[in-house]
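Chemist: To be precise about what I am sending: the file is called my_file.txt and holds compact mmCIF, C-alpha atoms and all ligand atoms.
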```txt
# COMPACT_ATOMS: atom_id res chain seq x y z
CA MET A 111 -12.51 -6.04 14.83
CA ARG A 112 -11.52 -9.39 13.38
CA ILE A 113 -13.79 -12.03 11.95
CA PHE A 114 -11.16 -14.76 12.30
CA GLY A 115 -11.72 -16.89 15.35
CA THR A 116 -15.35 -15.90 15.82
CA SER A 117 -18.38 -18.09 15.37
CA VAL A 118 -20.46 -17.93 12.18
CA ASN A 119 -23.22 -16.10 14.03
CA ALA A 120 -20.80 -13.57 15.48
CA ALA A 121 -19.19 -13.05 12.06
CA THR A 122 -22.59 -12.47 10.45
CA LYS A 123 -23.42 -9.97 13.17
CA ILE A 124 -20.14 -8.11 12.65
CA THR A 125 -20.68 -8.07 8.86
CA ARG A 126 -24.13 -6.59 9.37
CA GLN A 127 -22.75 -3.97 11.77
CA TYR A 128 -20.12 -2.91 9.21
CA HIS A 129 -22.42 -2.20 6.39
CA LEU A 130 -25.03 -0.70 8.64
CA LEU A 131 -22.29 1.71 9.73
CA ALA A 132 -21.31 2.45 6.12
CA ARG A 133 -24.97 2.99 5.18
CA ARG A 134 -25.59 5.11 8.22
CA LEU A 135 -22.75 7.38 7.17
CA THR A 136 -24.16 7.64 3.64
CA ARG A 137 -27.80 8.08 4.62
CA MET A 138 -27.30 10.59 7.42
CA THR A 139 -28.34 14.07 6.29
CA SER A 140 -30.12 12.65 3.23
CA HIS A 141 -33.03 14.93 4.07
CA GLU A 142 -30.83 17.99 3.83
CA ASN A 143 -31.04 20.11 0.73
CA ILE A 144 -27.49 20.36 -0.41
CA GLY A 145 -26.39 23.04 -2.82
CA PRO A 146 -24.94 22.29 -6.23
CA GLU A 147 -21.50 23.61 -5.35
CA ASN A 148 -20.24 20.06 -5.06
CA THR A 149 -17.76 18.90 -7.57
CA LEU A 150 -16.15 15.57 -7.99
CA VAL A 151 -12.81 14.02 -8.55
CA GLY A 152 -9.91 16.36 -9.11
CA HIS A 153 -11.19 19.17 -6.94
CA LYS A 154 -9.62 19.73 -3.61
CA THR A 155 -12.50 21.15 -1.69
CA SER A 156 -16.18 20.48 -1.36
CA SER A 157 -17.27 22.13 1.83
CA VAL A 158 -17.96 25.82 1.82
CA ASP A 159 -20.06 25.91 4.95
CA LEU A 160 -17.41 24.74 7.34
CA GLY A 161 -14.63 26.90 5.94
CA PHE A 162 -12.56 23.94 4.73
CA ALA A 163 -11.23 25.90 1.74
CA GLY A 164 -9.96 28.69 3.99
CA ILE A 165 -7.58 26.40 5.86
CA ALA A 166 -4.08 26.27 4.43
CA ASP A 167 -2.09 23.04 4.18
CA GLY A 168 -0.32 22.36 7.46
CA GLU A 169 -2.84 24.32 9.54
CA PRO A 170 -5.01 22.45 12.09
CA LEU A 171 -8.03 20.83 10.43
CA VAL A 172 -9.15 18.57 13.27
CA ASP A 173 -8.58 19.49 16.88
CA VAL A 174 -9.37 17.00 19.62
CA ARG A 175 -9.21 18.27 23.23
CA GLY A 176 -9.59 16.10 26.33
CA LEU A 177 -11.78 13.55 24.52
CA GLN A 178 -13.50 11.06 26.80
CA VAL A 179 -15.74 8.16 25.88
CA HIS A 180 -16.98 6.18 28.88
CA PHE A 181 -19.48 3.43 28.02
CA PRO A 182 -21.83 2.63 30.91
CA VAL A 183 -22.04 -1.03 31.90
CA THR A 184 -25.53 -1.89 33.14
CA ARG A 185 -27.03 -4.91 34.86
CA GLY A 186 -30.46 -6.25 35.67
CA LEU A 187 -33.95 -5.38 34.51
CA LEU A 188 -33.61 -1.83 35.75
CA LYS A 189 -30.35 -1.44 33.85
CA ARG A 190 -28.52 -0.25 36.93
CA GLU A 191 -25.11 1.17 36.06
CA VAL A 192 -22.45 -1.03 37.61
CA GLY A 193 -19.37 0.39 35.95
CA ARG A 194 -17.92 2.34 33.04
CA VAL A 195 -15.66 1.20 30.22
CA LYS A 196 -13.15 4.02 29.84
CA ALA A 197 -12.56 3.40 26.14
CA VAL A 198 -11.06 6.87 25.59
CA ASP A 199 -9.92 8.87 28.57
CA GLY A 200 -8.65 12.41 28.05
CA VAL A 201 -7.10 12.31 24.57
CA SER A 202 -5.87 15.49 22.82
CA PHE A 203 -4.28 15.85 19.40
CA THR A 204 -4.44 17.87 16.21
CA ILE A 205 -4.57 16.71 12.60
CA ARG A 206 -3.13 19.21 10.14
CA LYS A 207 -4.64 19.75 6.74
CA GLY A 208 -2.93 17.53 4.15
CA GLU A 209 -1.20 15.23 6.62
CA ALA A 210 -1.69 11.55 7.40
CA LEU A 211 -1.74 11.01 11.14
CA GLY A 212 -1.22 7.40 12.20
CA LEU A 213 -2.92 5.98 15.28
CA VAL A 214 -1.53 2.74 16.67
CA GLY A 215 -1.95 0.66 19.79
CA GLU A 216 -3.02 -2.74 21.05
CA SER A 217 -6.45 -4.16 20.34
CA GLY A 218 -8.98 -2.52 22.65
CA SER A 219 -6.90 0.61 23.28
CA GLY A 220 -9.68 2.88 21.93
CA LYS A 221 -8.59 3.68 18.36
CA SER A 222 -11.90 2.89 16.64
CA THR A 223 -13.81 4.71 19.36
CA ILE A 224 -11.84 7.87 18.51
CA ALA A 225 -12.54 7.24 14.81
CA ARG A 226 -16.28 6.94 15.48
CA CYS A 227 -16.27 10.18 17.48
CA LEU A 228 -14.52 12.01 14.61
CA LEU A 229 -17.23 10.68 12.27
CA LYS A 230 -19.93 11.81 14.69
CA LEU A 231 -21.14 8.23 15.09
CA THR A 232 -20.36 8.03 18.82
CA GLU A 233 -21.23 10.76 21.30
CA PRO A 234 -18.25 11.65 23.52
CA THR A 235 -18.74 11.72 27.28
CA GLY A 236 -16.41 14.68 27.58
CA GLY A 237 -14.02 16.92 25.69
CA THR A 238 -14.40 18.59 22.30
CA ILE A 239 -13.70 17.85 18.65
CA SER A 240 -13.35 20.77 16.27
CA TYR A 241 -13.43 20.42 12.51
CA CYS A 242 -12.39 23.49 10.47
CA GLY A 243 -12.51 25.40 13.76
CA THR A 244 -16.13 24.44 14.51
CA ASP A 245 -17.08 22.27 17.48
CA ILE A 246 -18.75 19.30 15.74
CA ASP A 247 -21.16 18.99 18.65
CA GLN A 248 -22.46 22.49 17.84
CA ILE A 249 -22.72 22.13 14.05
CA ASP A 250 -26.09 23.37 12.81
CA ARG A 251 -28.43 21.43 10.53
CA ARG A 252 -27.19 22.85 7.25
CA SER A 253 -23.53 22.55 8.15
CA ILE A 254 -23.97 18.94 9.22
CA ALA A 255 -24.64 18.06 5.57
CA SER A 256 -21.41 19.74 4.62
CA PHE A 257 -19.63 17.89 7.45
CA ARG A 258 -21.00 14.52 6.26
CA ARG A 259 -19.78 15.18 2.74
CA ASN A 260 -16.41 16.41 3.86
CA VAL A 261 -15.59 13.70 6.40
CA GLN A 262 -15.63 10.14 5.10
CA ALA A 263 -14.50 6.68 6.25
CA ILE A 264 -12.81 3.61 4.87
CA PHE A 265 -13.34 0.50 6.97
CA GLN A 266 -11.23 -2.55 7.67
CA ASP A 267 -13.19 -5.24 5.90
CA PRO A 268 -14.38 -4.12 2.46
CA TYR A 269 -16.60 -7.17 2.03
CA SER A 270 -18.50 -6.43 5.22
CA SER A 271 -18.89 -2.74 4.52
CA LEU A 272 -20.39 -3.24 1.04
CA ASN A 273 -24.01 -4.26 0.74
CA PRO A 274 -23.89 -7.73 -0.93
CA ARG A 275 -27.28 -7.15 -2.62
CA MET A 276 -26.27 -3.94 -4.39
CA ARG A 277 -24.36 -3.62 -7.65
CA ILE A 278 -21.00 -1.84 -7.48
CA GLY A 279 -22.28 1.08 -9.55
CA ASP A 280 -25.17 1.58 -7.11
CA ILE A 281 -22.88 1.28 -4.08
CA ILE A 282 -20.60 4.01 -5.39
CA GLY A 283 -23.50 6.07 -6.72
CA GLU A 284 -25.58 5.89 -3.54
CA PRO A 285 -23.93 8.82 -1.73
CA ILE A 286 -24.10 10.88 -4.93
CA TYR A 287 -27.84 10.15 -5.10
CA VAL A 288 -28.51 10.66 -1.39
CA HIS A 289 -26.66 13.97 -1.29
CA ARG A 290 -28.23 15.05 -4.60
CA ILE A 291 -24.97 15.86 -6.24
CA ALA A 292 -25.78 14.67 -9.76
CA SER A 293 -28.41 16.48 -11.80
CA SER A 294 -29.62 13.33 -13.62
CA THR A 295 -29.20 9.56 -13.68
CA ALA A 296 -26.83 9.89 -16.65
CA ASP A 297 -24.77 12.44 -14.72
CA ARG A 298 -24.61 10.10 -11.74
CA GLU A 299 -23.52 7.20 -13.90
CA LYS A 300 -20.83 9.38 -15.49
CA ARG A 301 -19.54 10.30 -12.05
CA VAL A 302 -19.50 6.65 -10.99
CA GLN A 303 -17.42 5.85 -14.07
CA GLU A 304 -14.99 8.66 -13.24
CA LEU A 305 -14.61 7.21 -9.76
CA LEU A 306 -14.05 3.70 -11.13
CA ASP A 307 -11.35 5.12 -13.42
CA LEU A 308 -9.75 7.03 -10.58
CA CYS A 309 -9.65 3.92 -8.40
CA GLY A 310 -8.15 1.75 -11.15
CA LEU A 311 -11.26 -0.39 -11.58
CA PRO A 312 -12.68 -1.45 -14.96
CA ARG A 313 -15.92 0.33 -15.83
CA ASN A 314 -17.75 -2.96 -16.45
CA LEU A 315 -17.49 -3.71 -12.71
CA ALA A 316 -20.36 -1.26 -12.19
CA GLY A 317 -22.85 -4.01 -13.02
CA ARG A 318 -21.31 -6.65 -10.74
CA TYR A 319 -21.86 -7.56 -7.10
CA PRO A 320 -19.26 -7.41 -4.27
CA HIS A 321 -18.90 -11.23 -4.11
CA GLU A 322 -17.71 -11.24 -7.74
CA MET A 323 -14.63 -9.19 -6.86
CA SER A 324 -11.25 -9.77 -5.19
CA GLY A 325 -10.49 -8.30 -1.76
CA GLY A 326 -8.27 -5.58 -3.26
CA GLN A 327 -10.98 -4.61 -5.77
CA ARG A 328 -13.57 -4.47 -3.01
CA GLN A 329 -11.38 -2.14 -0.97
CA ARG A 330 -10.97 0.07 -4.05
CA VAL A 331 -14.77 0.18 -4.29
CA GLY A 332 -14.87 1.21 -0.61
CA ILE A 333 -12.38 3.98 -1.43
CA ALA A 334 -14.38 5.05 -4.51
CA ARG A 335 -17.50 5.33 -2.36
CA ALA A 336 -15.59 7.38 0.22
CA LEU A 337 -14.38 9.70 -2.56
CA ALA A 338 -17.81 10.05 -4.18
CA LEU A 339 -18.66 13.13 -2.15
CA ASN A 340 -15.28 14.75 -2.75
CA PRO A 341 -14.20 14.72 0.90
CA GLY A 342 -11.35 16.60 2.54
CA PHE A 343 -10.74 14.30 5.51
CA ILE A 344 -10.89 10.50 5.52
CA VAL A 345 -10.84 8.30 8.61
CA CYS A 346 -9.16 5.02 7.59
CA ASP A 347 -9.85 2.38 10.25
CA GLU A 348 -7.42 -0.45 9.51
CA PRO A 349 -8.19 -0.30 5.76
CA VAL A 350 -5.65 -2.96 4.76
CA SER A 351 -5.64 -5.34 7.73
CA ALA A 352 -7.99 -7.82 6.03
CA LEU A 353 -5.98 -7.93 2.76
CA ASP A 354 -3.07 -10.05 1.52
CA VAL A 355 0.35 -8.48 2.05
CA SER A 356 0.95 -7.80 -1.68
CA ILE A 357 -2.48 -6.16 -2.03
CA GLN A 358 -1.87 -4.15 1.16
CA ALA A 359 1.13 -2.47 -0.49
CA GLN A 360 -0.93 -1.58 -3.57
CA ILE A 361 -3.73 -0.05 -1.52
CA ILE A 362 -1.31 1.89 0.69
CA ASN A 363 0.46 3.31 -2.37
CA PHE A 364 -2.91 4.15 -3.88
CA LEU A 365 -4.03 5.95 -0.71
CA GLU A 366 -0.80 7.93 -0.74
CA ASP A 367 -1.25 8.87 -4.43
CA LEU A 368 -4.80 10.00 -3.68
CA ARG A 369 -3.60 12.11 -0.79
CA GLN A 370 -1.10 13.89 -3.02
CA GLU A 371 -3.48 14.30 -5.96
CA LEU A 372 -6.63 15.34 -4.11
CA GLY A 373 -5.02 17.08 -1.13
CA LEU A 374 -6.69 14.71 1.33
CA THR A 375 -6.09 14.50 5.07
CA TYR A 376 -6.10 11.10 6.80
CA LEU A 377 -6.43 9.64 10.22
CA PHE A 378 -4.93 6.23 9.55
CA ILE A 379 -5.50 3.52 12.15
CA GLY A 380 -3.29 0.48 11.81
CA HIS A 381 -1.72 -2.44 13.58
CA ASP A 382 1.18 -2.89 11.18
CA LEU A 383 3.75 -0.31 12.22
CA SER A 384 5.80 -0.62 9.03
CA VAL A 385 2.69 0.30 7.01
CA VAL A 386 1.97 3.24 9.32
CA LYS A 387 5.60 4.38 9.06
CA ASN A 388 5.44 4.43 5.26
CA LEU A 389 2.18 6.30 4.93
CA CYS A 390 2.00 8.66 7.90
CA ASP A 391 3.72 11.99 8.56
CA ARG A 392 3.14 11.71 12.30
CA VAL A 393 2.19 8.83 14.56
CA ALA A 394 0.22 8.77 17.82
CA VAL A 395 0.55 5.76 20.12
CA MET A 396 -2.41 4.77 22.29
CA TYR A 397 -2.59 2.60 25.37
CA LEU A 398 -5.71 1.84 27.37
CA GLY A 399 -7.69 4.89 26.29
CA LYS A 400 -4.82 7.37 26.50
CA LEU A 401 -2.18 8.74 24.15
CA VAL A 402 1.29 7.87 25.40
CA GLU A 403 3.42 9.33 22.58
CA LEU A 404 3.03 11.49 19.48
CA ALA A 405 5.79 12.57 17.12
CA ASP A 406 6.89 12.80 13.50
CA SER A 407 7.06 9.30 12.02
CA GLU A 408 10.79 9.36 11.45
CA LYS A 409 11.47 10.70 14.92
CA LEU A 410 9.18 8.21 16.61
CA PHE A 411 10.68 5.23 14.81
CA ALA A 412 14.27 6.43 15.27
CA ASP A 413 13.95 7.57 18.89
CA PRO A 414 10.88 6.17 20.66
CA ARG A 415 10.74 7.51 24.22
CA HIS A 416 7.78 5.92 25.98
CA PRO A 417 8.43 2.37 27.28
CA TYR A 418 5.24 1.15 25.56
CA THR A 419 6.26 2.60 22.18
CA ARG A 420 9.68 1.02 22.58
CA ALA A 421 8.11 -2.37 23.23
CA LEU A 422 5.75 -1.99 20.25
CA LEU A 423 8.60 -1.04 17.90
CA SER A 424 10.90 -3.78 19.15
CA ALA A 425 8.29 -6.29 17.96
CA VAL A 426 8.51 -5.01 14.36
CA PRO A 427 10.87 -7.30 12.40
CA ILE A 428 13.62 -5.66 10.35
CA PRO A 429 14.58 -7.03 6.92
CA ASP A 430 18.30 -7.63 7.73
CA PRO A 431 18.45 -11.09 9.42
CA VAL A 432 21.82 -10.41 11.12
CA ALA A 433 20.66 -7.11 12.62
CA GLU A 434 17.34 -8.72 13.52
CA GLU A 435 19.16 -11.53 15.36
CA ALA A 436 21.43 -9.08 17.19
CA ARG A 437 18.84 -6.62 18.43
CA GLU A 438 17.05 -6.75 21.73
CA HIS A 439 13.35 -7.61 21.72
CA LYS A 440 11.37 -6.11 24.56
CA ILE A 441 8.56 -8.45 25.56
CA LEU A 442 5.85 -6.83 27.65
CA PRO A 443 4.73 -8.89 30.64
CA GLY A 444 1.02 -9.68 31.01
CA GLU A 445 -1.83 -8.20 29.01
CA MET A 446 -3.42 -4.80 28.71
CA PRO A 447 -5.78 -4.40 31.70
CA SER A 448 -9.52 -3.97 31.13
CA PRO A 449 -10.68 -0.40 30.43
CA LEU A 450 -13.52 -1.23 32.84
CA ASN A 451 -11.05 -1.10 35.68
CA PRO A 452 -7.90 0.73 34.57
CA PRO A 453 -4.94 0.81 36.97
CA PRO A 454 -4.48 3.98 39.06
CA GLY A 455 -1.67 6.42 38.30
CA CYS A 456 0.07 5.66 35.01
CA VAL A 457 -2.15 3.08 33.29
CA PHE A 458 0.96 1.41 31.89
CA HIS A 459 2.65 0.85 35.28
CA PRO A 460 1.76 -2.86 35.77
CA ARG A 461 3.76 -3.69 32.61
CA CYS A 462 6.48 -1.04 32.80
CA ASP A 463 10.03 -1.99 33.75
CA LEU A 464 10.82 1.65 34.66
CA ALA A 465 7.86 2.06 37.05
CA TYR A 466 8.54 3.46 40.51
CA GLY A 467 6.33 4.41 43.47
CA GLU A 468 4.94 7.66 42.05
CA CYS A 469 3.83 5.88 38.82
CA ARG A 470 1.27 3.90 40.83
CA GLN A 471 -0.38 7.05 42.16
CA THR A 472 -0.06 9.93 39.71
CA ALA A 473 -1.10 9.87 36.07
CA PRO A 474 1.69 11.42 33.98
CA ASN A 475 1.00 14.51 31.87
CA PHE A 476 1.16 14.26 28.10
CA GLU A 477 4.04 16.72 27.67
CA GLU A 478 5.89 18.16 24.71
CA GLN A 479 9.27 16.91 25.87
CA GLN A 480 11.01 17.95 22.65
CA PRO A 481 9.63 20.20 19.89
CA GLN A 482 6.66 18.37 18.33
CA HIS A 483 7.36 15.25 20.39
CA TRP A 484 4.81 14.54 23.13
CA VAL A 485 5.33 11.79 25.70
CA ALA A 486 3.32 10.72 28.75
CA CYS A 487 6.21 9.65 30.97
CA PRO A 488 8.35 11.98 33.09
CA VAL A 489 10.95 9.26 33.62
CA VAL A 490 12.13 9.23 30.01
CA HIS A 491 12.27 13.02 29.76
CA ALA A 492 15.21 13.86 27.51
CA PRO A 493 16.92 17.30 27.50
CA VAL A 494 15.78 19.58 24.67
CA GLN A 495 18.42 19.57 21.90
N1 LIG B 501 -20.41 0.40 22.50
C1 LIG B 501 -19.57 -0.06 23.39
N2 LIG B 501 -19.98 -0.40 24.65
C2 LIG B 501 -19.12 -0.82 25.59
N3 LIG B 501 -17.78 -0.94 25.38
C3 LIG B 501 -17.30 -0.63 24.17
C4 LIG B 501 -18.16 -0.17 23.11
N4 LIG B 501 -17.41 0.08 22.01
C5 LIG B 501 -16.14 -0.23 22.36
N5 LIG B 501 -16.07 -0.64 23.65
C6 LIG B 501 -14.89 -1.02 24.40
O1 LIG B 501 -13.99 0.08 24.33
C7 LIG B 501 -12.66 -0.38 24.23
C8 LIG B 501 -12.01 0.23 23.02
O2 LIG B 501 -12.63 -0.33 21.85
P1 LIG B 501 -12.14 0.07 20.39
O3 LIG B 501 -12.98 -0.65 19.42
O4 LIG B 501 -12.10 1.55 20.28
O5 LIG B 501 -10.64 -0.49 20.37
P2 LIG B 501 -9.59 -0.57 19.17
O6 LIG B 501 -8.33 0.07 19.66
O7 LIG B 501 -10.19 -0.05 17.93
O8 LIG B 501 -9.36 -2.15 19.05
P3 LIG B 501 -9.06 -3.02 17.74
O9 LIG B 501 -7.61 -2.77 17.43
O10 LIG B 501 -9.31 -4.43 18.20
O11 LIG B 501 -9.98 -2.58 16.66
C9 LIG B 501 -12.71 -1.91 24.18
O12 LIG B 501 -12.47 -2.39 25.49
C10 LIG B 501 -14.14 -2.19 23.77
O13 LIG B 501 -14.57 -3.41 24.29
S1 LIG B 502 5.13 7.06 34.12
FE1 LIG B 502 6.12 5.35 35.21
S2 LIG B 502 4.89 3.55 34.71
FE2 LIG B 502 4.33 5.15 33.27
S3 LIG B 502 5.59 4.75 31.50
FE3 LIG B 502 6.70 6.23 32.75
S4 LIG B 502 8.01 5.00 34.07
FE4 LIG B 502 6.52 3.63 33.19
MG MG B 503 -10.66 -0.87 16.05
```
What does the file become when written as structure tokens?
Ligand SMILES: Nc1ncnc2c1ncn2[C@@H]1O[C@H](COP(=O)(O)OP(=O)(O)OP(=O)(O)O)[C@@H](O)[C@H]1O
Ligand code: SF4
Ligand SMILES: [Mg+2]
Modeler:
Amino acid sequence: MRIFGTSVNAATKITRQYHLLARRLTRMTSHENIGPENTLVGHKTSSVDLGFAGIADGEPLVDVRGLQVHFPVTRGLLKREVGRVKAVDGVSFTIRKGEALGLVGESGSGKSTIARCLLKLTEPTGGTISYCGTDIDQIDRRSIASFRRNVQAIFQDPYSSLNPRMRIGDIIGEPIYVHRIASSTADREKRVQELLDLCGLPRNLAGRYPHEMSGGQRQRVGIARALALNPGFIVCDEPVSALDVSIQAQIINFLEDLRQELGLTYLFIGHDLSVVKNLCDRVAVMYLGKLVELADSEKLFADPRHPYTRALLSAVPIPDPVAEEAREHKILPGEMPSPLNPPPGCVFHPRCDLAYGECRQTAPNFEEQQPQHWVACPVVHAPVQ
């Protein structure tokens, strides 16, 4: 979601939506009585209820099977359904504990919708999402508190996701207060200071407001708030897209350091493929509500198989000007169709230069064509090495 190019009213509305979302995440489960087993920075686990601690690094932490999110489009006073936006249409993947999984794709391909489902902010139309082996749709009332602590989010625009009327110390301390982690105000303040230290922010920022800070500092506050509940899994929805390039690098390095130090797991949504390549162990590519390719980062960037992935990667500039001049750039014709009326068969066929008759009728399976390398295109099937 970008504020550039929108009217002032639209931008204000988006800003409001962002921090309503952030607050909703913090406030949900506030009525739950949460046990004092929570610890803060430096500890790798916080959730006992969901069995987070029992999952070894590299084992599946999040498992998404056949996820569908179809938004009904209604018209008239009676709100008659006239269509469905197929924002996510049959997506399956796993996120392993300790890894950073990248999710890339054009604007409108369904990335944030997946993120919202993983955060339990959007109800899927179909499919399942398991966290620590538990279907998040079936989580009971006590475990939901544990889930909310353990699964956190960092949003694209830090300014919009921070309440402009709250001081930084209160913003970071709010989840600690809501989830009753600190035993006293002094304890809460001490924890806020630890988080400021961890995120490389001066302690005196606690008394300031978001508008008194730079974009990079604001995103660090957003990260500190996400870490306040000592999570295990963080959904990062384009966390650096709104920042200057130099600040982007700092935040990416910081996220990577945090992952190593705290044993965090990320779903990292991004537009900038070079950023995704640097941070993520594996990358999933999305097109019009479907996954088209998923592989280890190095493999995907060295040997992209799906025609859409190839086109995406060919648009990424390389630092060597001679090599950049010499290489072929694949320009995709047209635009991504509307998810309200996706094309039949392979949804990519109207823009694919390899498309043949069958592609217009039959949707390709998302197949493991090589070990740990899934592709939704039978045409580019390479022999197993
Ligand atoms: N609540 C909603 N009601 C109807 N349609 C929606 C809703 N939320 C999202 N969509 C539609 O679903 C599709 C996917 O949206 P989504 O925000 O997930 O895309 P995205 O990949 O995150 O895009 P971007 O890169 O621009 O953030 C878009 O066509 C969007 O208009
Ligand atoms: S299935 Fe057909 S249309 Fe789809 S990516 Fe492969 S070749 Fe292209
Ligand atoms: Mg998005």
Chemist: Please, what distance in Å, to one decimal, runs between CA of Val195 (chain A) and CA of Glu216 (chain A)?
Modeler: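 The value is 16.1 Å.
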Chemist: List every residue of chain A that has an atom at most 9 Å from any atom of ligand MG 503 (chain B), and for each one report the closest atom pair and its distance in Å to one decimal, counting all atoms listed in the file, with rows sorted by chain and then by increasing residue number, as a tab-separated table.
Modeler:
```
residue	atom	partner	partner_atom	distance
A:Met111	CA	B:MG503	MG	5.6
A:Arg112	CA	B:MG503	MG	9.0
A:Ser217	CA	B:MG503	MG	6.9
A:Gly218	CA	B:MG503	MG	7.0
A:Ser219	CA	B:MG503	MG	8.3
A:Gly220	CA	B:MG503	MG	7.0
A:Lys221	CA	B:MG503	MG	5.5
A:Ser222	CA	B:MG503	MG	4.0
A:Thr223	CA	B:MG503	MG	7.2
A:Ala225	CA	B:MG503	MG	8.4
A:Gln266	CA	B:MG503	MG	8.6
A:Asp347	CA	B:MG503	MG	6.7
A:Glu348	CA	B:MG503	MG	7.3
A:Ile379	CA	B:MG503	MG	7.8
A:Gly380	CA	B:MG503	MG	8.6
```
Chemist: Applying 7 Å and only C-alpha atoms, which residues near Val172 (chain A) remain after dropping the ones on its own chain fewer than 5 positions away? List them as a compact mmCIF listing (two decimals) with C-alpha atoms, in the frame of the given file.
Modeler:
```txt
# COMPACT_ATOMS: atom_id res chain seq x y z
CA THR A 204 -4.44 17.87 16.21
CA ILE A 205 -4.57 16.71 12.60
CA ARG A 206 -3.13 19.21 10.14
CA SER A 240 -13.35 20.77 16.27
CA TYR A 241 -13.43 20.42 12.51
CA CYS A 242 -12.39 23.49 10.47
```
Chemist: Using only C-alpha atoms, can you tell me which of A:Leu374, A:Met396, A:Ile249, A:Val457 comes closest to Val261 (chain A)?
Modeler: A:Leu374
Chemist: Have a look at A:Ala433, A:Leu442, A:Leu171, A:Val402 and name the one nearest to ligand LIG 502 (chain B); count all atoms listed in the file.
Modeler: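 Distance minimum relative to ligand LIG 502 (chain B) lands on A:Val402.
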Chemist: Taking all atoms listed in the file into account, which residues are within 9 Å of ligand LIG 502 (chain B), as a PDB file with C-alpha atoms, keeping the file's coordinate frame?
Modeler:
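Now in pocket.pdb:
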```
ATOM      1  CA  VAL A 402       1.290   7.870  25.400  1.00  0.00           C
ATOM      2  CA  HIS A 416       7.780   5.920  25.980  1.00  0.00           C
ATOM      3  CA  PRO A 417       8.430   2.370  27.280  1.00  0.00           C
ATOM      4  CA  TYR A 418       5.240   1.150  25.560  1.00  0.00           C
ATOM      5  CA  GLY A 455      -1.670   6.420  38.300  1.00  0.00           C
ATOM      6  CA  CYS A 456       0.070   5.660  35.010  1.00  0.00           C
ATOM      7  CA  VAL A 457      -2.150   3.080  33.290  1.00  0.00           C
ATOM      8  CA  PHE A 458       0.960   1.410  31.890  1.00  0.00           C
ATOM      9  CA  HIS A 459       2.650   0.850  35.280  1.00  0.00           C
ATOM     10  CA  PRO A 460       1.760  -2.860  35.770  1.00  0.00           C
ATOM     11  CA  ARG A 461       3.760  -3.690  32.610  1.00  0.00           C
ATOM     12  CA  CYS A 462       6.480  -1.040  32.800  1.00  0.00           C
ATOM     13  CA  ASP A 463      10.030  -1.990  33.750  1.00  0.00           C
ATOM     14  CA  LEU A 464      10.820   1.650  34.660  1.00  0.00           C
ATOM     15  CA  ALA A 465       7.860   2.060  37.050  1.00  0.00           C
ATOM     16  CA  TYR A 466       8.540   3.460  40.510  1.00  0.00           C
ATOM     17  CA  GLY A 467       6.330   4.410  43.470  1.00  0.00           C
ATOM     18  CA  GLU A 468       4.940   7.660  42.050  1.00  0.00           C
ATOM     19  CA  CYS A 469       3.830   5.880  38.820  1.00  0.00           C
ATOM     20  CA  ARG A 470       1.270   3.900  40.830  1.00  0.00           C
ATOM     21  CA  THR A 472      -0.060   9.930  39.710  1.00  0.00           C
ATOM     22  CA  ALA A 473      -1.100   9.870  36.070  1.00  0.00           C
ATOM     23  CA  PRO A 474       1.690  11.420  33.980  1.00  0.00           C
ATOM     24  CA  ASN A 475       1.000  14.510  31.870  1.00  0.00           C
ATOM     25  CA  ALA A 486       3.320  10.720  28.750  1.00  0.00           C
ATOM     26  CA  CYS A 487       6.210   9.650  30.970  1.00  0.00           C
ATOM     27  CA  PRO A 488       8.350  11.980  33.090  1.00  0.00           C
ATOM     28  CA  VAL A 489      10.950   9.260  33.620  1.00  0.00           C
ATOM     29  CA  VAL A 490      12.130   9.230  30.010  1.00  0.00           C
TER      30      VAL A 490
END
```
Chemist: Can you list, as a list in words, every protein, DNA or RNA residue that comes within 8 Å of region 302-314 of chain A when you count all atoms listed in the file, leaving out same-chain residues fewer than 5 positions away?
Modeler: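 Result of the neighbour search: Val151, Gly279, Ile282, Gly283, Gln327, Arg330, Val331, Ile333, Ala334, Leu337 and Ala338 of chain A.
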Chemist: For Pro429 (chain A), which residue among A:Ser384, A:Pro349, A:Tyr269, A:Glu477 is the nearest when counting all atoms listed in the file?
Modeler: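 Closest residue, counting all atoms listed in the file: A:Ser384.
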Chemist: Within 10 Å of Glu322 (chain A), counting all atoms listed in the file, which residues show up once you throw out same-chain ones fewer than 6 positions away? Write them as a ChimeraX atom specification, please.
Modeler: /A:274,278,315,328
Chemist: The selected residues should be written to file as a PDB file, in the coordinates of the input (atoms: C-alpha atoms).
Modeler:
```
ATOM      1  CA  PRO A 274     -23.890  -7.730  -0.930  1.00  0.00           C
ATOM      2  CA  ILE A 278     -21.000  -1.840  -7.480  1.00  0.00           C
ATOM      3  CA  LEU A 315     -17.490  -3.710 -12.710  1.00  0.00           C
ATOM      4  CA  ARG A 328     -13.570  -4.470  -3.010  1.00  0.00           C
TER       5      ARG A 328
END
```
Chemist: Point out the residue among A:Asp391, A:Glu284, A:Glu209, A:Glu408 with the least atom-to-atom distance to Phe343 (chain A), counting all atoms listed in the file.
Modeler: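 Looking only at the distances to Phe343 (chain A), the closest residue turns out to be A:Glu209.
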Chemist: Quick one: distance from CA of Phe181 (chain A) to atom N3 of ligand LIG 501 (chain B) in Å, one decimal?
Modeler: 5.4 Å
Chemist: Of the candidates A:Glu438, A:Glu233, A:Asp367, A:Asp173, which one gets nearest to ligand LIG 501 (chain B) if we count all atoms listed in the file?
Modeler: A:Glu233
Chemist: Using only C-alpha atoms, which residue out of A:Ala394, A:Ile362, A:Leu410, A:Ala316 lies closest to Gly215 (chain A)?
Modeler: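 Among A:Ala394, A:Ile362, A:Leu410, A:Ala316, it is A:Ala394 that comes nearest to Gly215 (chain A).
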